[in-house]
$ cat work_29.txt   # compact mmCIF, C-alpha atoms
# COMPACT_ATOMS: atom_id res chain seq x y z
CA MET A 1 -40.21 7.92 30.11
CA ALA A 2 -37.39 10.13 31.36
CA GLN A 3 -39.79 11.90 33.73
CA ALA A 4 -41.26 8.60 34.95
CA VAL A 5 -37.83 7.09 35.66
CA ASP A 6 -36.82 10.28 37.47
CA ALA A 7 -40.04 10.18 39.46
CA LEU A 8 -39.39 6.63 40.66
CA ARG A 9 -35.85 7.46 41.72
CA HIS A 10 -37.19 10.47 43.66
CA GLY A 11 -39.96 8.45 45.29
CA TRP A 12 -42.85 10.09 43.48
CA PRO A 13 -45.92 8.17 42.28
CA ILE A 14 -46.56 7.28 38.66
CA LYS A 15 -49.72 6.55 36.73
CA VAL A 16 -49.52 4.29 33.67
CA GLY A 17 -52.47 4.80 31.34
CA GLU A 18 -55.82 4.33 33.05
CA ALA A 19 -54.41 2.07 35.76
CA PRO A 20 -54.43 3.16 39.41
CA VAL A 21 -51.59 5.26 40.85
CA LEU A 22 -48.46 3.34 41.84
CA LEU A 23 -46.08 4.47 44.58
CA PRO A 24 -42.55 2.96 44.59
CA VAL A 25 -42.00 1.23 47.91
CA GLU A 26 -38.23 1.60 48.10
CA THR A 27 -37.94 5.33 47.47
CA ALA A 28 -41.37 6.73 48.42
CA LEU A 29 -41.42 10.05 50.26
CA ALA A 30 -45.18 10.10 51.02
CA ALA A 31 -44.82 8.90 54.62
CA GLY A 32 -48.58 8.78 55.22
CA ALA A 33 -49.40 6.70 52.15
CA ARG A 34 -51.35 3.49 52.72
CA ALA A 35 -52.93 0.93 50.41
CA GLU A 36 -54.90 -2.28 50.63
CA ARG A 37 -52.90 -3.82 47.81
CA ALA A 38 -49.32 -3.96 46.57
CA LEU A 39 -47.81 -4.82 43.19
CA ILE A 40 -44.71 -7.03 43.25
CA SER A 41 -42.99 -9.30 40.74
CA ALA A 42 -43.77 -12.98 40.34
CA ALA A 43 -40.20 -13.86 41.28
CA ARG A 44 -40.52 -12.07 44.61
CA ALA A 45 -44.01 -13.49 45.13
CA ALA A 46 -42.59 -16.99 44.72
CA THR A 47 -39.98 -16.22 47.37
CA LEU A 48 -42.84 -15.20 49.68
CA LYS A 49 -44.66 -18.49 48.82
CA LEU A 50 -47.50 -16.62 47.12
CA THR A 51 -46.99 -18.23 43.70
CA ASN A 52 -45.00 -21.17 42.43
CA GLN A 53 -41.56 -21.04 40.86
CA ARG A 54 -42.97 -21.68 37.40
CA ASP A 55 -44.88 -18.38 37.61
CA ALA A 56 -41.63 -16.63 38.52
CA ALA A 57 -39.78 -17.47 35.31
CA ASP A 58 -40.07 -13.87 34.14
CA GLY A 59 -38.96 -11.41 36.81
CA HIS A 60 -41.06 -8.65 35.24
CA HIS A 61 -44.35 -10.54 35.50
CA PRO A 62 -46.44 -8.62 38.07
CA VAL A 63 -48.48 -10.04 40.91
CA LEU A 64 -51.11 -8.06 42.81
CA ILE A 65 -51.46 -8.94 46.49
CA ARG A 66 -54.06 -7.81 49.02
CA ALA A 67 -53.35 -7.67 52.74
CA ALA A 68 -55.84 -8.19 55.55
CA ASP A 69 -55.21 -4.59 56.68
CA PRO A 70 -53.98 -1.51 54.80
CA ILE A 71 -50.24 -1.56 54.10
CA ASP A 72 -48.09 1.45 54.93
CA LEU A 73 -44.54 1.96 53.66
CA ALA A 74 -42.97 0.49 56.80
CA ALA A 75 -44.90 -2.74 56.26
CA ALA A 76 -44.35 -2.72 52.50
CA LEU A 77 -40.55 -2.45 52.55
CA PRO A 78 -39.94 -5.96 53.99
CA ILE A 79 -42.27 -7.31 51.28
CA ALA A 80 -40.03 -5.73 48.65
CA ASP A 81 -36.52 -6.12 50.08
CA PRO A 82 -35.08 -9.62 50.65
CA ALA A 83 -32.34 -8.14 52.83
CA LEU A 84 -35.05 -7.71 55.47
CA ASP A 85 -36.22 -11.33 55.31
CA PRO A 86 -34.10 -12.39 58.33
CA VAL A 87 -35.44 -9.42 60.32
CA VAL A 88 -39.08 -9.77 59.25
CA PRO A 89 -39.47 -13.45 58.33
CA LEU A 90 -43.26 -13.53 58.70
CA LYS A 91 -45.30 -11.41 56.32
CA GLY A 92 -48.96 -11.30 55.46
CA PRO A 93 -51.32 -13.00 55.20
CA PHE A 94 -51.80 -11.93 51.58
CA ARG A 95 -54.21 -12.93 48.86
CA VAL A 96 -53.25 -12.83 45.19
CA GLU A 97 -55.79 -10.97 43.05
CA PRO A 98 -56.28 -10.75 39.28
CA ILE A 99 -54.83 -7.71 37.51
CA ALA A 100 -57.21 -5.86 35.21
CA CYS A 101 -54.47 -3.56 33.89
CA MET A 102 -51.78 -6.14 33.04
CA ALA A 103 -49.99 -4.15 30.30
CA GLU A 104 -49.71 -1.13 32.61
CA ALA A 105 -48.53 -3.30 35.52
CA GLU A 106 -45.88 -4.92 33.33
CA ALA A 107 -44.71 -1.49 32.21
CA ALA A 108 -44.37 -0.45 35.86
CA MET A 109 -42.21 -3.50 36.61
CA ALA A 110 -39.96 -2.61 33.67
CA LEU A 111 -39.79 1.03 34.78
CA ALA A 112 -38.65 -0.01 38.25
CA ARG A 113 -35.86 -2.10 36.74
CA ILE A 114 -34.80 0.77 34.44
CA ALA A 115 -34.79 3.13 37.42
CA GLY A 116 -32.65 0.65 39.38
CA ILE A 117 -35.08 0.29 42.29
CA LEU A 118 -36.83 -2.70 43.81
CA PRO A 119 -39.87 -3.74 41.73
CA ALA A 120 -42.58 -3.13 44.30
CA PHE A 121 -45.38 -0.55 44.48
CA LEU A 122 -48.25 0.41 46.72
CA PHE A 123 -51.26 -0.02 44.45
CA ASP A 124 -53.77 2.86 44.43
CA PRO A 125 -52.50 4.33 47.72
CA SER A 126 -54.02 7.16 49.67
CA ASP A 127 -52.03 10.38 50.23
CA ALA A 128 -49.44 9.51 47.59
CA GLY A 129 -49.21 12.96 46.00
CA GLU A 130 -49.44 14.01 42.37
CA ALA A 131 -48.40 11.31 39.91
CA VAL A 132 -46.26 11.53 36.79
CA THR A 133 -48.33 10.02 33.98
CA LEU A 134 -47.34 8.00 30.93
CA LYS A 135 -48.78 5.29 28.67
CA ALA A 136 -47.66 1.67 28.48
CA ALA A 137 -46.89 2.31 24.81
CA ASP A 138 -44.32 4.92 25.84
CA LEU A 139 -42.11 2.09 27.13
CA ALA A 140 -42.15 0.27 23.80
CA ALA A 141 -41.33 3.51 21.98
CA TRP A 142 -38.46 4.20 24.40
CA GLU A 143 -37.05 0.70 23.90
CA ASP A 144 -37.14 0.98 20.10
CA PRO A 145 -33.50 0.80 18.91
CA ALA A 146 -34.45 2.71 15.77
CA LEU A 147 -34.21 5.89 17.85
CA LEU A 148 -30.48 5.34 18.46
CA THR A 149 -28.10 7.72 16.68
CA ILE A 150 -24.36 8.35 16.55
CA ALA A 151 -23.67 11.40 18.73
CA THR A 152 -19.95 11.81 17.99
CA ARG A 153 -16.74 9.93 17.26
CA ALA A 154 -13.03 10.53 17.79
CA HIS A 155 -9.59 8.94 17.70
CA LEU A 156 -8.79 7.27 21.03
CA PRO A 157 -5.39 5.63 21.52
CA ILE A 158 -5.70 2.81 24.08
CA SER A 159 -3.07 0.47 25.46
CA ALA A 160 -4.24 -2.41 23.26
CA ALA A 161 -4.43 -0.33 20.07
CA GLU A 162 -3.13 3.21 19.60
CA ASP A 163 -5.20 3.74 16.45
CA ALA A 164 -8.61 2.91 17.98
CA GLU A 165 -11.66 5.04 17.27
CA ILE A 166 -14.38 5.66 19.87
CA VAL A 167 -17.98 6.18 18.77
CA ALA A 168 -20.72 7.38 21.13
CA PHE A 169 -24.41 6.52 20.62
CA ARG A 170 -27.52 7.88 22.33
CA LYS A 171 -31.28 8.18 21.91
CA VAL A 172 -34.03 10.49 23.06
CA ASP A 173 -35.17 10.13 26.71
CA ASP A 174 -32.36 7.69 27.58
CA MET A 175 -29.58 9.05 29.79
CA ARG A 176 -27.27 6.15 28.92
CA GLU A 177 -24.68 6.61 26.18
CA HIS A 178 -23.49 3.38 24.58
CA ILE A 179 -19.96 3.17 23.18
CA ALA A 180 -18.18 1.37 20.34
CA LEU A 181 -14.43 0.97 20.04
CA VAL A 182 -13.34 0.31 16.47
CA ILE A 183 -9.91 -1.29 16.29
CA GLY A 184 -8.03 -1.54 13.02
CA ASP A 185 -8.96 -0.06 9.66
CA PRO A 186 -12.65 -0.72 8.88
CA ASP A 187 -12.74 -2.96 5.84
CA HIS A 188 -16.31 -3.84 4.96
CA GLY A 189 -15.03 -6.55 2.66
CA LYS A 190 -13.85 -8.40 5.78
CA VAL A 191 -16.11 -9.61 8.58
CA PRO A 192 -15.07 -7.90 11.84
CA LEU A 193 -14.51 -9.61 15.15
CA VAL A 194 -17.27 -8.22 17.40
CA ARG A 195 -17.68 -8.35 21.15
CA LEU A 196 -20.81 -7.25 23.03
CA HIS A 197 -19.63 -6.21 26.47
CA SER A 198 -22.14 -4.99 29.04
CA GLU A 199 -20.92 -2.44 31.55
CA CYS A 200 -19.53 -3.92 34.77
CA LEU A 201 -18.27 -1.28 37.16
CA THR A 202 -16.96 -3.80 39.67
CA GLY A 203 -15.17 -5.95 37.12
CA ASP A 204 -14.09 -3.42 34.50
CA ILE A 205 -12.91 -0.68 36.89
CA PHE A 206 -12.18 -2.34 40.24
CA ALA A 207 -10.93 -5.68 38.84
CA SER A 208 -13.47 -7.67 40.86
CA LEU A 209 -12.72 -11.38 41.11
CA LYS A 210 -16.43 -12.29 41.54
CA CYS A 211 -16.98 -12.27 37.77
CA ASP A 212 -14.97 -12.64 34.56
CA CYS A 213 -15.96 -9.28 33.04
CA GLY A 214 -12.68 -7.41 33.46
CA PRO A 215 -10.51 -10.18 32.00
CA GLN A 216 -13.04 -10.68 29.17
CA LEU A 217 -12.87 -6.98 28.29
CA ASP A 218 -9.06 -6.91 28.28
CA ALA A 219 -8.78 -10.16 26.33
CA ALA A 220 -11.31 -8.97 23.73
CA LEU A 221 -9.40 -5.75 23.09
CA ALA A 222 -6.12 -7.67 22.86
CA GLN A 223 -7.64 -10.16 20.42
CA MET A 224 -9.03 -7.37 18.25
CA ALA A 225 -5.65 -5.64 18.23
CA GLU A 226 -4.11 -8.91 17.02
CA GLU A 227 -6.77 -9.08 14.29
CA ALA A 228 -5.80 -5.57 13.21
CA ARG A 229 -2.11 -6.51 13.03
CA LYS A 230 -3.08 -9.29 10.64
CA GLY A 231 -5.06 -6.93 8.41
CA GLY A 232 -8.47 -7.49 9.98
CA TRP A 233 -10.49 -5.34 12.35
CA GLY A 234 -12.74 -5.49 15.37
CA ILE A 235 -15.55 -3.68 17.14
CA LEU A 236 -16.14 -3.73 20.88
CA LEU A 237 -19.66 -2.60 21.79
CA TYR A 238 -19.75 -1.31 25.37
CA LEU A 239 -23.39 -1.38 26.45
CA ARG A 240 -24.54 0.62 29.46
CA GLN A 241 -26.59 -2.10 31.13
CA GLU A 242 -24.96 -2.87 34.45
CA GLY A 243 -25.79 -6.13 36.19
CA ARG A 244 -27.37 -7.75 33.11
CA GLY A 245 -29.78 -4.84 32.98
CA ILE A 246 -30.78 -4.47 36.67
CA GLY A 247 -28.44 -1.60 37.58
CA ILE A 248 -25.50 -1.24 39.95
CA VAL A 249 -27.49 -0.98 43.22
CA ASN A 250 -29.59 -4.07 42.56
CA LYS A 251 -26.51 -5.90 41.30
CA LEU A 252 -24.79 -5.22 44.63
CA ARG A 253 -27.92 -6.37 46.44
CA ALA A 254 -27.63 -9.62 44.48
CA TYR A 255 -23.97 -9.84 45.53
CA ARG A 256 -25.05 -9.56 49.16
CA LEU A 257 -27.48 -12.43 48.68
CA GLN A 258 -24.72 -14.44 46.99
CA ASP A 259 -22.62 -13.89 50.11
CA ALA A 260 -25.50 -15.52 52.00
CA GLY A 261 -25.25 -18.61 49.80
CA PHE A 262 -27.57 -17.98 46.84
CA ASP A 263 -26.25 -18.30 43.30
CA THR A 264 -26.64 -15.42 40.84
CA VAL A 265 -29.92 -16.78 39.40
CA ASP A 266 -31.60 -17.31 42.76
CA ALA A 267 -30.30 -13.99 44.11
CA ASN A 268 -31.98 -12.10 41.29
CA ALA A 269 -35.20 -14.06 41.83
CA ARG A 270 -35.28 -13.15 45.53
CA LEU A 271 -34.98 -9.50 44.52
CA GLY A 272 -37.90 -9.95 42.16
CA LEU A 273 -35.73 -9.22 39.14
CA PRO A 274 -35.05 -11.09 35.88
CA VAL A 275 -31.84 -13.03 35.48
CA GLU A 276 -31.37 -11.55 32.00
CA ALA A 277 -32.67 -8.09 31.09
CA ARG A 278 -30.04 -6.88 28.63
CA ASP A 279 -31.00 -5.10 25.43
CA PHE A 280 -29.15 -6.82 22.59
CA PRO A 281 -31.21 -5.25 19.74
CA THR A 282 -29.51 -1.96 20.66
CA ALA A 283 -26.18 -3.62 19.89
CA ALA A 284 -27.50 -4.67 16.48
CA LYS A 285 -28.55 -1.07 15.79
CA MET A 286 -25.08 0.15 16.77
CA LEU A 287 -23.57 -2.20 14.20
CA ASP A 288 -26.07 -1.02 11.62
CA LEU A 289 -25.08 2.61 12.24
CA LEU A 290 -21.46 1.58 11.77
CA GLY A 291 -22.37 -0.02 8.43
CA VAL A 292 -21.82 -3.59 9.66
CA ASN A 293 -24.29 -6.40 8.90
CA GLN A 294 -22.02 -9.42 9.51
CA ALA A 295 -19.91 -10.36 12.50
CA ARG A 296 -17.64 -12.99 13.94
CA LEU A 297 -19.07 -12.84 17.44
CA LEU A 298 -16.72 -13.26 20.39
CA THR A 299 -18.97 -14.88 22.99
CA ASN A 300 -19.83 -17.97 25.01
CA ASN A 301 -23.51 -16.97 25.18
CA PRO A 302 -25.78 -18.45 22.47
CA GLU A 303 -28.47 -15.88 23.36
CA LYS A 304 -26.26 -13.11 22.00
CA VAL A 305 -25.93 -14.99 18.72
CA ASN A 306 -29.70 -15.52 18.55
CA ALA A 307 -30.48 -11.91 19.46
CA LEU A 308 -28.19 -10.41 16.84
CA GLU A 309 -29.35 -12.79 14.14
CA GLY A 310 -32.95 -12.03 15.08
CA ALA A 311 -32.17 -8.34 14.59
CA GLY A 312 -30.73 -8.93 11.13
CA VAL A 313 -26.98 -9.32 11.80
CA LYS A 314 -25.45 -12.37 10.13
CA ILE A 315 -23.15 -14.22 12.52
CA THR A 316 -20.59 -15.98 10.36
CA GLU A 317 -18.75 -17.51 13.31
CA ARG A 318 -19.06 -17.79 17.09
CA VAL A 319 -15.59 -17.31 18.53
CA ALA A 320 -15.19 -18.82 22.02
CA HIS A 321 -14.15 -16.41 24.75
CA GLN A 322 -13.48 -18.49 27.85
CA LEU A 323 -10.89 -17.40 30.40
CA PRO A 324 -9.51 -19.23 33.45
CA ALA A 325 -11.61 -19.22 36.60
CA ASN A 326 -10.40 -18.06 39.99
CA PRO A 327 -11.49 -19.22 43.46
CA HIS A 328 -13.95 -16.32 43.75
CA ASN A 329 -15.83 -16.80 40.47
CA VAL A 330 -15.77 -20.56 39.91
CA ARG A 331 -19.36 -20.94 41.20
CA TYR A 332 -20.51 -17.94 39.16
CA LEU A 333 -19.09 -19.45 35.96
CA ALA A 334 -20.63 -22.82 36.76
CA THR A 335 -24.01 -21.12 37.20
CA LYS A 336 -23.65 -19.39 33.83
CA ARG A 337 -22.91 -22.77 32.27
CA ASP A 338 -25.49 -24.87 34.09
CA ARG A 339 -28.39 -22.44 34.50
CA ALA A 340 -27.90 -19.77 31.82
CA GLY A 341 -26.76 -21.97 28.95
CA HIS A 342 -23.31 -20.45 28.40
CA LEU A 343 -20.95 -22.68 26.42
CA LEU A 344 -18.24 -23.17 29.03
CA THR A 345 -16.21 -26.26 29.74

$ encode --input "work_29.txt" --output "structure tokens"
Amino acid sequence: MAQAVDALRHGWPIKVGEAPVLLPVETALAAGARAERALISAARAATLKLTNQRDAADGHHPVLIRAADPIDLAAALPIADPALDPVVPLKGPFRVEPIACMAEAEAAMALARIAGILPAFLFDPSDAGEAVTLKAADLAAWEDPALLTIATRAHLPISAAEDAEIVAFRKVDDMREHIALVIGDPDHGKVPLVRLHSECLTGDIFASLKCDCGPQLDAALAQMAEEARKGGWGILLYLRQEGRGIGIVNKLRAYRLQDAGFDTVDANARLGLPVEARDFPTAAKMLDLLGVNQARLLTNNPEKVNALEGAGVKITERVAHQLPANPHNVRYLATKRDRAGHLLT
């Protein structure tokens, strides 16, 4: 998995199981590569009017398209990148073909998302170079939260709580380290206040006004510190899954599409990416490693409650976590409420 992700980021081909070689369109270095077919996501195919919107519900679902003439990388990039739609509005004609290697194609779509590149490949190209090989089952093994371990822990005084403890988690083949901040004295006779917070570089570090991530992070830490002052405790799980799991580059591509008038759901669809690709079972495993099997969950998102309960964590209470909107994120919050099911008023 680590080699395959690295290969995609470097523009090298991959081969999943017995399926044909796949060359990533966005990063490919094999300038002479050409193919009669390309693999894209259903969401992107719907944008190109090759499938209907119902087929695009899952951004990972792959679609195999055949062109009238062989496709080189110059022709393939506008198929993959919606930023080029105004420059190259007419594409094709294409014909959608059945996929004989669906599990392998789905794994390739997931690998592209994990690598943070556009989910588009030349399918069985010529002159692609030597491929990195893996099996579709390798993805499932890599995603298994059972492989997560505590790497180290230390005292970390923060502005909200000078007695906080930081705990780092990692697993084999995954370059991301997830973090927990434990605030207050752990008392396993009391149910902790828990917040799942996915990494947001723009909001957490640069105080972006396009989202509510930064204020949510600060408010969660302050609320946990208040719990600790009252004799309780809290755990903030900081999950390294930028942009709801699509990565920082694709998240900024979605921002650019939002600037053009699309909401966050439609922007992700035009990129061929899922609206929600976060890994909440990893959060449940982090709690398990901390010896926690119950939580008062600080969230507006029912999916987080369902995911943790499905992974064996008892949610004794959902604690609302709504903060005031600003002129820059009011549409974003409305989209979360109206299209993603968040419990916002």

$ atom_distance --input "work_29.txt" --atom1 "atom CA of Leu297 of chain A" --atom2 "atom CA of Gly184 of chain A"
16.4 Å

$ residues_around --input "work_29.txt" --residues "Thr316 of chain A" --least-positions-apart "3" --cutoff "10 Å" --atoms "all atoms listed in the file" --output "PDB file with C-alpha atoms, in the frame of the given file"
ATOM      1  CA  VAL A 191     -16.110  -9.610   8.580  1.00  0.00           C
ATOM      2  CA  PRO A 192     -15.070  -7.900  11.840  1.00  0.00           C
ATOM      3  CA  GLN A 294     -22.020  -9.420   9.510  1.00  0.00           C
ATOM      4  CA  ALA A 295     -19.910 -10.360  12.500  1.00  0.00           C
ATOM      5  CA  ARG A 296     -17.640 -12.990  13.940  1.00  0.00           C
ATOM      6  CA  LEU A 297     -19.070 -12.840  17.440  1.00  0.00           C
ATOM      7  CA  VAL A 305     -25.930 -14.990  18.720  1.00  0.00           C
ATOM      8  CA  VAL A 313     -26.980  -9.320  11.800  1.00  0.00           C
ATOM      9  CA  VAL A 319     -15.590 -17.310  18.530  1.00  0.00           C
TER      10      VAL A 319
END

$ residues_near_point --input "work_29.txt" --point "(-21.3, 5.5, 10.8)" --cutoff "12 Å" --atoms "all atoms listed in the file" --output "PyMOL selection string"
chain A and resi 148-154+165-169+180+182+186+285-292

$ write_last_selection --input "work_29.txt" --atoms "C-alpha atoms" --output "PDB file, in the coordinates of the input"
ATOM      1  CA  LEU A 148     -30.480   5.340  18.460  1.00  0.00           C
ATOM      2  CA  THR A 149     -28.100   7.720  16.680  1.00  0.00           C
ATOM      3  CA  ILE A 150     -24.360   8.350  16.550  1.00  0.00           C
ATOM      4  CA  ALA A 151     -23.670  11.400  18.730  1.00  0.00           C
ATOM      5  CA  THR A 152     -19.950  11.810  17.990  1.00  0.00           C
ATOM      6  CA  ARG A 153     -16.740   9.930  17.260  1.00  0.00           C
ATOM      7  CA  ALA A 154     -13.030  10.530  17.790  1.00  0.00           C
ATOM      8  CA  GLU A 165     -11.660   5.040  17.270  1.00  0.00           C
ATOM      9  CA  ILE A 166     -14.380   5.660  19.870  1.00  0.00           C
ATOM     10  CA  VAL A 167     -17.980   6.180  18.770  1.00  0.00           C
ATOM     11  CA  ALA A 168     -20.720   7.380  21.130  1.00  0.00           C
ATOM     12  CA  PHE A 169     -24.410   6.520  20.620  1.00  0.00           C
ATOM     13  CA  ALA A 180     -18.180   1.370  20.340  1.00  0.00           C
ATOM     14  CA  VAL A 182     -13.340   0.310  16.470  1.00  0.00           C
ATOM     15  CA  PRO A 186     -12.650  -0.720   8.880  1.00  0.00           C
ATOM     16  CA  LYS A 285     -28.550  -1.070  15.790  1.00  0.00           C
ATOM     17  CA  MET A 286     -25.080   0.150  16.770  1.00  0.00           C
ATOM     18  CA  LEU A 287     -23.570  -2.200  14.200  1.00  0.00           C
ATOM     19  CA  ASP A 288     -26.070  -1.020  11.620  1.00  0.00           C
ATOM     20  CA  LEU A 289     -25.080   2.610  12.240  1.00  0.00           C
ATOM     21  CA  LEU A 290     -21.460   1.580  11.770  1.00  0.00           C
ATOM     22  CA  GLY A 291     -22.370  -0.020   8.430  1.00  0.00           C
ATOM     23  CA  VAL A 292     -21.820  -3.590   9.660  1.00  0.00           C
TER      24      VAL A 292
END

$ residues_around --input "work_29.txt" --residues "Arg244 of chain A" --least-positions-apart "2" --cutoff "7 Å" --atoms "all atoms listed in the file" --output "number ranges by chain"
A: 241-242, 246, 276-278

$ closest_residue --input "work_29.txt" --among "A:Ile248, A:Ala115, A:Ala120, A:Leu308" --to "Val5 of chain A" --atoms "all atoms listed in the file"
A:Ala115

$ closest_residue --input "work_29.txt" --among "A:Arg195, A:Arg270, A:Arg253, A:Lys135" --to "Gly17 of chain A" --atoms "all atoms listed in the file"
A:Lys135

$ closest_atom_pairs --input "work_29.txt" --of "segment 60-110 of chain A" --to "segment 27-51 of chain A" --cutoff "8 Å" --atoms "all atoms listed in the file" --output "tab-separated table"
residue	atom	partner	partner_atom	distance
A:His60	CA	A:Ser41	CA	5.9
A:His61	CA	A:Ala42	CA	5.5
A:Pro62	CA	A:Ser41	CA	4.4
A:Val63	CA	A:Ile40	CA	5.4
A:Leu64	CA	A:Leu39	CA	4.6
A:Ile65	CA	A:Ala38	CA	5.4
A:Arg66	CA	A:Arg37	CA	4.3
A:Ala67	CA	A:Glu36	CA	6.0
A:Ala68	CA	A:Glu36	CA	7.7
A:Asp69	CA	A:Glu36	CA	6.5
A:Pro70	CA	A:Glu36	CA	4.3
A:Ile71	CA	A:Ala35	CA	5.2
A:Asp72	CA	A:Arg34	CA	4.4
A:Leu73	CA	A:Ala33	CA	7.0
A:Ala76	CA	A:Ala38	CA	7.8
A:Ala80	CA	A:Ile40	CA	7.3
A:Phe94	CA	A:Leu50	CA	7.8
A:Arg95	CA	A:Leu50	CA	7.9
A:Val96	CA	A:Leu50	CA	7.2
A:Ala105	CA	A:Leu39	CA	7.9
A:Met109	CA	A:Ser41	CA	7.2

$ write_last_selection --input "work_29.txt" --atoms "C-alpha atoms" --output "CSV table (one decimal), keeping the file's coordinate frame"
chain,number,residue,atom,x,y,z
A,60,HIS,CA,-41.1,-8.6,35.2
A,61,HIS,CA,-44.4,-10.5,35.5
A,62,PRO,CA,-46.4,-8.6,38.1
A,63,VAL,CA,-48.5,-10.0,40.9
A,64,LEU,CA,-51.1,-8.1,42.8
A,65,ILE,CA,-51.5,-8.9,46.5
A,66,ARG,CA,-54.1,-7.8,49.0
A,67,ALA,CA,-53.4,-7.7,52.7
A,68,ALA,CA,-55.8,-8.2,55.6
A,69,ASP,CA,-55.2,-4.6,56.7
A,70,PRO,CA,-54.0,-1.5,54.8
A,71,ILE,CA,-50.2,-1.6,54.1
A,72,ASP,CA,-48.1,1.4,54.9
A,73,LEU,CA,-44.5,2.0,53.7
A,76,ALA,CA,-44.4,-2.7,52.5
A,80,ALA,CA,-40.0,-5.7,48.6
A,94,PHE,CA,-51.8,-11.9,51.6
A,95,ARG,CA,-54.2,-12.9,48.9
A,96,VAL,CA,-53.2,-12.8,45.2
A,105,ALA,CA,-48.5,-3.3,35.5
A,109,MET,CA,-42.2,-3.5,36.6
